[in-house]
Every structure is written in C-alpha cells, then in structure tokens.
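Novice: As input, take start_15.csv (CSV, C-alpha atoms):
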chain,number,residue,atom,x,y,z
F,12,MET,CA,96.5,86.4,89.9
F,13,ASP,CA,94.3,88.3,92.3
F,14,ASP,CA,90.8,89.4,91.2
F,15,VAL,CA,91.5,93.1,91.1
F,16,THR,CA,94.6,92.6,89.0
F,17,ASN,CA,92.7,90.3,86.6
F,18,GLN,CA,89.8,92.8,86.3
F,19,ILE,CA,92.2,95.7,85.6
F,20,GLN,CA,94.0,93.8,82.9
F,21,GLN,CA,90.8,92.7,81.3
F,22,ILE,CA,89.6,96.3,81.2
F,23,LEU,CA,92.9,97.5,79.7
F,24,LEU,CA,93.1,94.8,77.1
F,25,LYS,CA,89.5,95.2,76.1
F,26,SER,CA,90.0,98.9,75.4
F,27,GLY,CA,93.3,98.2,73.5
F,28,ASN,CA,95.6,99.6,76.2
F,29,ALA,CA,98.9,98.4,77.4
F,30,ILE,CA,99.4,96.1,80.4
F,31,HIS,CA,103.2,95.9,80.3
F,32,GLY,CA,105.7,98.1,82.3
F,33,HIS,CA,109.0,98.2,84.0
F,34,ASP,CA,110.9,99.1,87.2
F,35,SER,CA,112.8,102.3,86.8
F,36,ASP,CA,114.9,101.6,89.9
F,37,ASP,CA,116.1,98.2,88.6
F,38,PRO,CA,119.8,98.5,87.3
F,39,GLU,CA,118.9,96.0,84.6
F,40,ASN,CA,115.8,98.0,83.6
F,41,ILE,CA,113.8,94.7,83.7
F,42,LYS,CA,110.5,94.8,81.8
F,43,TYR,CA,107.3,93.0,82.7
F,44,ASP,CA,104.8,91.7,80.1
F,45,SER,CA,101.9,92.4,82.4
F,46,ILE,CA,100.8,93.9,85.7
F,47,ALA,CA,100.3,90.4,87.0
F,48,GLU,CA,103.9,89.4,86.2
F,49,TRP,CA,105.3,92.5,87.9
F,50,LYS,CA,103.2,91.9,91.0
F,51,SER,CA,104.1,88.2,91.2
F,52,THR,CA,107.8,89.1,90.8
F,53,VAL,CA,108.2,92.3,92.9
F,54,LEU,CA,105.1,92.6,95.0
F,55,PHE,CA,103.0,89.6,95.9
F,56,ASP,CA,100.8,87.2,94.2
F,57,GLN,CA,98.9,85.1,96.8
F,58,HIS,CA,98.4,82.2,94.4
F,59,GLN,CA,102.1,82.1,93.7
F,60,HIS,CA,103.0,82.0,97.4
F,61,HIS,CA,100.3,79.4,97.9
F,62,THR,CA,101.8,77.2,95.3
F,63,ILE,CA,105.4,77.4,96.6
F,64,ILE,CA,104.3,76.7,100.2
F,65,ALA,CA,102.0,73.9,99.2
F,66,SER,CA,104.8,72.3,97.3
F,67,SER,CA,107.4,72.5,100.0
F,68,SER,CA,105.0,71.2,102.6
F,69,CYS,CA,104.5,68.1,100.6
F,70,GLU,CA,108.2,67.2,100.2
F,71,ASN,CA,108.2,64.8,103.1
F,72,ASP,CA,104.7,63.5,102.6
F,73,ASP,CA,104.0,60.0,101.4
F,74,ASP,CA,101.4,61.3,98.9
F,75,THR,CA,103.5,63.4,96.5
F,76,ASN,CA,100.4,64.3,94.4
F,77,LEU,CA,98.7,65.9,97.4
F,78,THR,CA,97.0,69.1,96.3
F,79,ILE,CA,96.2,71.9,98.8
F,80,THR,CA,93.3,74.0,97.6
F,81,GLN,CA,93.1,76.5,100.4
F,82,PRO,CA,95.9,78.8,101.4
F,83,SER,CA,97.5,77.9,104.7
F,84,THR,CA,97.9,80.3,107.6
F,85,ALA,CA,101.6,80.6,106.6
F,86,THR,CA,100.5,81.6,103.0
F,87,THR,CA,98.2,84.3,104.3
F,88,THR,CA,100.8,85.6,106.7
F,89,THR,CA,103.4,85.8,104.0
F,90,SER,CA,101.2,87.8,101.7
F,91,LEU,CA,100.3,90.2,104.4
F,92,GLU,CA,104.0,90.6,105.4
F,93,LEU,CA,104.9,91.4,101.8
F,94,ARG,CA,102.1,93.9,101.5
F,95,GLN,CA,103.3,95.5,104.8
F,96,ARG,CA,106.9,95.6,103.5
F,97,TRP,CA,105.7,97.6,100.5
F,98,TYR,CA,104.1,100.2,102.8
F,99,ASP,CA,107.0,100.2,105.2
F,100,THR,CA,109.5,101.0,102.4
F,101,GLY,CA,107.6,104.0,101.4
F,102,TYR,CA,107.0,105.1,105.0
F,103,GLU,CA,110.7,104.8,105.8
F,104,TYR,CA,111.6,106.9,102.7
F,105,TYR,CA,109.5,109.8,103.8
F,106,GLN,CA,110.5,109.5,107.4
F,107,ASP,CA,114.1,110.1,106.4
F,108,GLU,CA,114.9,113.8,106.7
F,109,SER,CA,117.9,113.5,104.3
F,110,LYS,CA,115.6,112.1,101.6
F,111,CYS,CA,112.5,114.2,102.2
F,112,PRO,CA,113.1,117.4,104.2
F,113,ALA,CA,109.9,118.9,105.7
F,114,THR,CA,109.7,121.6,103.1
F,115,VAL,CA,107.8,122.2,99.9
F,116,ASP,CA,111.0,121.2,97.9
F,117,GLY,CA,111.3,118.1,100.1
F,118,VAL,CA,107.7,116.8,99.6
F,119,LEU,CA,107.8,117.6,95.9
F,120,GLY,CA,111.1,115.7,95.4
F,121,GLY,CA,113.1,118.8,94.5
F,122,PHE,CA,110.4,120.4,92.3
F,123,ALA,CA,109.3,123.3,94.5
F,124,CYS,CA,109.6,125.4,91.4
F,125,LEU,CA,106.4,123.7,90.1
F,126,SER,CA,104.3,124.3,93.2
F,127,THR,CA,102.8,127.7,92.3
F,128,ARG,CA,101.7,126.7,88.8
F,129,ASP,CA,100.5,123.4,90.1
F,130,LEU,CA,98.2,125.1,92.7
F,131,LYS,CA,97.0,127.6,90.1
F,132,ALA,CA,96.0,124.9,87.7
F,133,SER,CA,94.2,123.0,90.5
F,134,GLN,CA,92.3,126.2,91.4
F,135,ASP,CA,91.3,126.7,87.8
F,136,PHE,CA,90.1,123.1,87.7
F,137,ILE,CA,87.9,123.5,90.8
F,138,ARG,CA,86.5,126.7,89.5
F,139,LYS,CA,85.6,125.0,86.2
F,140,LEU,CA,84.1,122.1,88.2
F,141,GLN,CA,81.9,124.6,90.0
F,142,ARG,CA,80.6,126.0,86.7
F,143,ILE,CA,79.7,122.6,85.3
F,144,ARG,CA,78.4,121.2,88.6
F,145,PRO,CA,76.6,124.0,90.4
F,146,GLU,CA,75.6,121.7,93.3
F,147,PHE,CA,79.3,121.4,94.2
F,148,ILE,CA,79.8,123.7,97.2
F,149,VAL,CA,83.1,125.3,98.3
F,150,THR,CA,82.4,128.2,100.7
F,151,LYS,CA,80.3,128.5,103.9
F,152,CYS,CA,78.3,131.3,102.2
F,153,GLU,CA,77.2,128.9,99.5
F,154,ASN,CA,76.2,126.3,102.1
F,155,ASP,CA,73.6,128.2,104.0
F,156,ASN,CA,76.3,129.4,106.4
F,157,MET,CA,77.2,125.9,107.4
F,158,ASP,CA,80.9,124.8,107.3
F,159,THR,CA,82.3,123.1,104.3
F,160,TYR,CA,84.9,120.4,104.7
F,161,ALA,CA,88.0,119.3,102.6
F,162,LEU,CA,90.3,116.3,103.0
F,163,GLU,CA,93.9,116.5,101.8
F,164,CYS,CA,95.2,113.0,101.3
F,165,GLY,CA,98.9,112.3,101.6
F,166,ALA,CA,99.1,115.8,102.9
F,167,GLY,CA,102.8,116.0,103.9
F,168,ILE,CA,103.2,119.4,105.5
F,169,GLY,CA,99.9,120.7,104.1
F,170,ARG,CA,101.0,122.3,100.9
F,171,VAL,CA,97.6,121.8,99.2
F,172,SER,CA,95.6,122.8,102.2
F,173,LYS,CA,97.5,126.0,102.6
F,174,GLY,CA,97.9,126.9,99.0
F,175,LEU,CA,94.6,125.8,97.5
F,176,LEU,CA,91.8,124.4,99.7
F,177,LEU,CA,91.7,127.0,102.5
F,178,PRO,CA,92.3,130.1,100.3
F,179,MET,CA,89.4,128.9,98.1
F,180,GLY,CA,87.1,129.0,101.0
F,181,PHE,CA,86.7,125.5,102.4
F,182,THR,CA,86.0,126.1,106.1
F,183,ILE,CA,87.8,123.1,107.6
F,184,CYS,CA,90.6,121.1,106.1
F,185,ASP,CA,91.5,117.6,107.4
F,186,LEU,CA,95.0,116.5,106.6
F,187,VAL,CA,95.8,112.8,106.5
F,188,GLU,CA,99.5,111.7,106.3
F,189,PRO,CA,101.4,108.6,107.3
F,190,SER,CA,104.6,110.4,108.3
F,191,GLN,CA,104.3,111.8,111.8
F,192,ARG,CA,107.5,113.7,111.1
F,193,LEU,CA,106.1,115.6,108.1
F,194,LEU,CA,102.7,116.1,109.7
F,195,SER,CA,104.2,117.6,112.9
F,196,HIS,CA,105.6,120.4,110.7
F,197,ALA,CA,102.2,121.2,109.1
F,198,PRO,CA,100.8,123.6,111.7
F,199,ASP,CA,103.9,125.9,111.5
F,200,TYR,CA,103.9,125.7,107.7
F,201,ILE,CA,100.2,126.4,107.4
F,202,GLY,CA,100.6,129.4,109.6
F,203,GLN,CA,98.4,131.5,111.9
F,204,GLU,CA,95.9,132.5,109.3
F,205,TYR,CA,94.7,129.0,108.7
F,206,VAL,CA,96.0,126.7,111.4
F,207,ALA,CA,92.9,126.8,113.6
F,208,ARG,CA,90.8,125.5,110.6
F,209,CYS,CA,92.9,122.3,110.2
F,210,ARG,CA,92.7,118.9,111.8
F,211,TYR,CA,95.4,116.2,111.5
F,212,PHE,CA,95.3,112.5,111.1
F,213,CYS,CA,98.5,110.4,111.1
F,214,SER,CA,97.6,107.3,109.0
F,215,GLY,CA,98.4,105.6,105.8
F,216,LEU,CA,95.5,105.9,103.3
F,217,GLN,CA,95.3,102.1,103.2
F,218,ASP,CA,94.1,102.2,106.8
F,219,PHE,CA,92.2,105.5,106.8
F,220,THR,CA,88.4,105.7,106.6
F,221,PRO,CA,86.8,109.1,106.0
F,222,GLN,CA,83.9,110.0,108.2
F,223,PRO,CA,80.7,109.2,106.3
F,224,ASP,CA,78.8,112.1,104.6
F,225,THR,CA,81.4,114.7,105.6
F,226,TYR,CA,83.5,116.1,102.8
F,227,ASN,CA,82.7,118.5,100.0
F,228,ILE,CA,86.0,117.6,98.4
F,229,ILE,CA,88.6,114.9,98.9
F,230,PHE,CA,91.8,115.9,97.2
F,231,ILE,CA,94.3,113.1,96.5
F,232,GLN,CA,97.5,114.4,94.9
F,233,TRP,CA,100.8,112.6,94.1
F,234,VAL,CA,100.0,109.8,96.5
F,235,ILE,CA,98.0,107.1,94.8
F,236,GLY,CA,101.2,105.5,93.5
F,237,TYR,CA,102.0,104.4,97.1
F,238,LEU,CA,98.8,102.3,97.3
F,239,THR,CA,98.5,98.8,95.9
F,240,ASP,CA,95.7,98.4,93.4
F,241,ASP,CA,93.3,96.6,95.7
F,242,ASP,CA,93.9,99.1,98.5
F,243,LEU,CA,93.4,102.0,96.2
F,244,VAL,CA,90.1,100.6,95.0
F,245,SER,CA,89.0,100.1,98.6
F,246,PHE,CA,90.2,103.5,99.7
F,247,LEU,CA,88.2,105.2,96.8
F,248,GLN,CA,85.1,103.3,97.8
F,249,ARG,CA,85.5,104.6,101.4
F,250,CYS,CA,86.1,108.1,100.1
F,251,ALA,CA,82.8,107.8,98.2
F,252,VAL,CA,81.0,107.1,101.4
F,253,GLY,CA,82.8,110.1,103.0
F,254,LEU,CA,81.4,112.5,100.5
F,255,ARG,CA,78.5,114.8,101.0
F,256,ARG,CA,75.7,114.4,98.4
F,257,SER,CA,77.2,117.0,96.1
F,258,GLY,CA,80.8,116.3,96.9
F,259,VAL,CA,83.7,115.3,94.6
F,260,ILE,CA,86.9,113.3,94.8
F,261,VAL,CA,89.8,114.9,92.9
F,262,ILE,CA,92.8,112.8,91.8
F,263,LYS,CA,95.8,114.6,90.5
F,264,ASP,CA,98.9,112.4,89.8
F,265,ASN,CA,101.6,111.5,87.5
F,266,THR,CA,100.9,109.1,84.6
F,267,CYS,CA,103.0,107.2,82.1
F,268,THR,CA,102.0,107.0,78.4
F,269,ASP,CA,103.6,104.2,76.5
F,270,GLU,CA,103.1,101.4,79.0
F,271,ALA,CA,100.7,100.6,81.9
F,272,PHE,CA,103.1,101.3,84.7
F,273,VAL,CA,106.5,102.4,85.8
F,274,ALA,CA,107.5,101.1,89.2
F,275,ASP,CA,110.1,102.4,91.6
F,276,ALA,CA,111.4,99.9,94.2
F,277,GLN,CA,113.4,102.6,96.0
F,278,ASP,CA,110.3,104.2,97.6
F,279,SER,CA,107.7,101.5,96.8
F,280,SER,CA,105.6,103.4,94.3
F,281,VAL,CA,104.1,102.9,90.9
F,282,THR,CA,103.2,105.4,88.2
F,283,ARG,CA,100.2,104.2,86.4
F,284,SER,CA,98.9,105.1,82.9
F,285,LEU,CA,95.7,107.1,82.8
F,286,PRO,CA,93.7,104.1,81.4
F,287,TYR,CA,95.1,102.0,84.4
F,288,ILE,CA,93.9,104.7,86.8
F,289,LEU,CA,90.5,104.9,85.1
F,290,ALA,CA,90.1,101.1,85.4
F,291,ILE,CA,90.6,101.4,89.1
F,292,VAL,CA,88.2,104.3,89.3
F,293,HIS,CA,85.6,102.1,87.5
F,294,LEU,CA,86.2,99.2,89.9
F,295,ALA,CA,85.6,101.6,92.8
F,296,GLY,CA,82.2,102.5,91.5
F,297,LEU,CA,83.1,106.1,90.5
F,298,ARG,CA,82.7,108.1,87.3
F,299,VAL,CA,84.6,111.0,85.9
F,300,VAL,CA,82.8,114.3,85.8
F,301,LEU,CA,85.7,116.5,84.7
F,302,GLU,CA,89.1,115.6,83.3
F,303,GLU,CA,91.9,118.0,82.4
F,304,TYR,CA,95.7,117.9,82.2
F,305,GLN,CA,98.2,120.3,83.8
F,306,ASP,CA,99.5,121.8,80.6
F,307,ASP,CA,102.4,124.0,81.8
F,308,PHE,CA,104.8,121.6,83.4
F,309,PRO,CA,108.2,120.9,81.7
F,310,GLU,CA,108.4,118.2,79.0
F,311,ASN,CA,110.6,116.0,81.2
F,312,ILE,CA,107.8,115.7,83.8
F,313,PHE,CA,105.3,112.9,83.7
F,314,PRO,CA,101.9,114.0,82.3
F,315,VAL,CA,99.7,115.1,85.2
F,316,PRO,CA,95.9,114.7,84.7
F,317,MET,CA,93.3,116.0,87.1
F,318,LEU,CA,90.2,113.9,87.5
F,319,ALA,CA,87.0,114.9,89.3
F,320,LEU,CA,85.0,111.9,90.4
F,321,CYS,CA,81.7,111.1,92.0
F,322,PRO,CA,79.8,107.9,92.7
F,323,ILE,CA,78.0,106.2,89.8
Translate this file's structure into structure tokens.
Specialist:
Amino acid sequence: MDDVTNQIQQILLKSGNAIHGHDSDDPENIKYDSIAEWKSTVLFDQHQHHTIIASSSCENDDDTNLTITQPSTATTTTSLELRQRWYDTGYEYYQDESKCPATVDGVLGGFACLSTRDLKASQDFIRKLQRIRPEFIVTKCENDNMDTYALECGAGIGRVSKGLLLPMGFTICDLVEPSQRLLSHAPDYIGQEYVARCRYFCSGLQDFTPQPDTYNIIFIQWVIGYLTDDDLVSFLQRCAVGLRRSGVIVIKDNTCTDEAFVADAQDSSVTRSLPYILAIVHLAGLRVVLEEYQDDFPENIFPVPMLALCPI
C-alpha cells in the first residue's frame, strides 16, 4: 500500500468513515473492502507489482529464498505505465467527439439543463466567501486597479470561465484542459466579450504547475475524480503555491455518501466521499474556510459540495 493511500485510510477509519467502495462500470458490480484493495486490483499498487516481479525473477535462481527489498527498474516502469494508462483512458474518452461533443451538454455528460443553476449556486458561494473573508479579492477595482486572475481547471470549452469567473469580474482567466479538441473550441464558445481576457493551457492537471503567487481563485470543478490520490494531493499543493496571499482554491465535485468511493473504469474516474476528499485536502496542507452544498439538483444526482480552501 502506498503512503498516501495508507494515510487516507487511517484518517477515514479514525473518524469512523467508510473505506469500502465499488466499480460502477463492472458488470458484476464488484465491491472492494478498502481503497487499497481497489487500487491494487484495478489501478496499481507498487508493492504488489514489486512482489510479483521479484517472485518471477527468482524462478530460475538457485536461491529460492532470495528476497528483493528494492523495486527493480521493471517494477517502477510497470507502475508508471499503469498510472499513464489511467490517464490515457480518461483522455481518450474526452477526445472522442461521439462521447463528448464540444458543447455544454457534452462536457456535462448530457446534463446541460443543470448548468444555469450550477453557475448561480457557485456565484452565490463566491459572494458569501467575500463576505466572510473580506481580504478575498475578485475585481480589479477592489485590487487597487491591478488585474485579478482566475484559473479554471479541467476547463473543457470554458463553461465556468464564461458563465461565472469573467462575469463576476476576474480580469484574466486561465483555462487548463488536457483535451486539445475541447480547448480549441473554447475561444468561440467564450465569445468576443471575454475572449481577449483568456489564456489557454493544454495539460493534464497531474502535469500542470500554476505560476507561483498568481491567482486570486483556482476553480476546480468536476475534474478531481480523474486524478489519482497522490497526484491530487500534489496538484493541490502546487495550487497553494500558485495563490496570491488572499486567494482561495474552490473544489466543486460529485460525492458519494454510503461508501468511500464509486469508481468508473469506462473513463478512468472515481467519485469520492466528502470525508475522502477532506482527507486529501488535509494531506495537501489546506483547510476549509467555507463549505456548502448545491441544494437544487435532482435527487438522482450525486451530492455536490463546494469547498473553499486556503493553506493552513
């Protein structure tokens, strides 16, 4: 079991929260007793690969009790390849026009009808954040006539930039998105009113490093499920460095309630419970300054919390 997985499970167990889950895309609906079991079965557990490779490498050796205590190059390569396969599967899903058209309905998985109320709730959340955290700055006017910067993560075609961040008054929006196909549609979707205030970065979040001391807000919506736990911890740590002194990170994403996770092998994603997400937030050295739920989605939609975070 890797160290991040172990720490997450310990945090969840200590607080009395579930660590079990299942894969929603598995025809047999296989359940896993723990996060570690799921990762070792479906994702990758470096120790497990180490054991298998060590065993096979000893089959023709005279000393059958030989123990290898350090992972070989082959072991490391295998783990890295499996990690890359996880990201490649998600990338290929969103590169496929038939699965994800470059429209609001496409990037929301057929739920374009929820976009307006989603953006309204996010706006209300940011307004409330301003009231309880006066040092949090949105507009150029509030910032001694200096530009304010927002980063939309997993931006797709720029739905959040166009519908929330730019209208609220952030001067510049950076969009980071791994799918070049989706990102190439962003300027036309964002339109003439705002397009000159946007910059575009084609990158997976696992590889993206925000410029230090740059952003007033980093908005991460419906994308953390595509990052592995250790990559999400690392990305949030890099985001913290990318914040201006009064800046915040906002996570808005689906959560499950009766178990720790619901995985989806079709697009290499995982829906985590709120305690699971909060454990990751803690490991990243962040604290929650405001937490609310989107309260007007249909009952058949996963609960969607909004978390405003800042460095501890």
Novice: Choose the residue, out of F:Tyr304, F:Phe212, F:Phe313, F:Tyr226, that has the smallest atom-to-atom separation from Pro189 of chain F; count only C-alpha atoms.
Specialist: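 Comparing F:Tyr304, F:Phe212, F:Phe313, F:Tyr226 against Pro189 of chain F, the winner is F:Phe212.
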Novice: Tell me, in Å to one decimal, how far atom CA of His196 of chain F is from atom CA of Gly258 of chain F.
Specialist: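 Calculated distance between atom CA of His196 of chain F and atom CA of Gly258 of chain F is 28.7 Å.
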Novice: Do you know which residues are at most 10 Å from segment 119-126 of chain F counting only C-alpha atoms, after dropping those on the same chain fewer than 2 positions away, and could you put them as a ChimeraX atom specification?
Specialist: /F:110-112,114-117,128-132,167,170-171,174,233,307-309
Novice: Of the residues F:Thr268, F:Ser214, F:Gln277, F:Asn311, which is the one nearest to Gln191 of chain F, using all atoms listed in the file?
Specialist: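 Residue with the minimum atom-to-atom distance to Gln191 of chain F: F:Ser214.
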Novice: Using only C-alpha atoms, what residues lie at most 12 Å away from (86.1, 127.1, 91.0) (file coordinates), given as a ChimeraX atom specification?
Specialist: /F:131-145,147-150,175-176,178-181
Novice: Calculate how many Å separate atom CA of Asp241 of chain F from atom CA of Val315 of chain F, rounding to one decimal.
Specialist: 22.2 Å
Novice: Between F:Ala295, F:Ala251, F:Leu216, F:Ile168, which residue has the minimum interatomic distance to Ala197 of chain F, considering only C-alpha atoms?
Specialist: F:Ile168
Novice: Would you please work out which residue, of F:Ile262, F:Pro221, F:Leu24, F:Ile323, is nearest to Glu302 of chain F when using all atoms listed in the file?
Specialist: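 Nearest to Glu302 of chain F: F:Ile262.
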Novice: Atom CA of Val261 of chain F and atom CA of Pro198 of chain F, how far apart in Å?
Specialist: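 Computing the Euclidean distance for atom CA of Pro198 of chain F and atom CA of Val261 of chain F yields 23.5 Å.
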Novice: Just the residues within 7 Å of segment 199-208 of chain F, please, counting all atoms listed in the file, with nothing from its chain fewer than 6 positions along; format it as a ChimeraX atom specification.
Specialist: /F:168-169,173,182-184
Novice: Which residue out of F:Asn265, F:Arg256, F:Ile291, F:Pro314 has the minimum interatomic distance to Gln21 of chain F when all atoms listed in the file are used?
Specialist: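 Going through F:Asn265, F:Arg256, F:Ile291, F:Pro314 one by one, the smallest distance to Gln21 of chain F is for F:Ile291.
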Novice: With distances taken over all atoms listed in the file, which residue among F:Asn40, F:Thr16, F:Gln232, F:Gln222 lies nearest Ala319 of chain F?
Specialist: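 Smallest separation from Ala319 of chain F among the options: F:Gln232.
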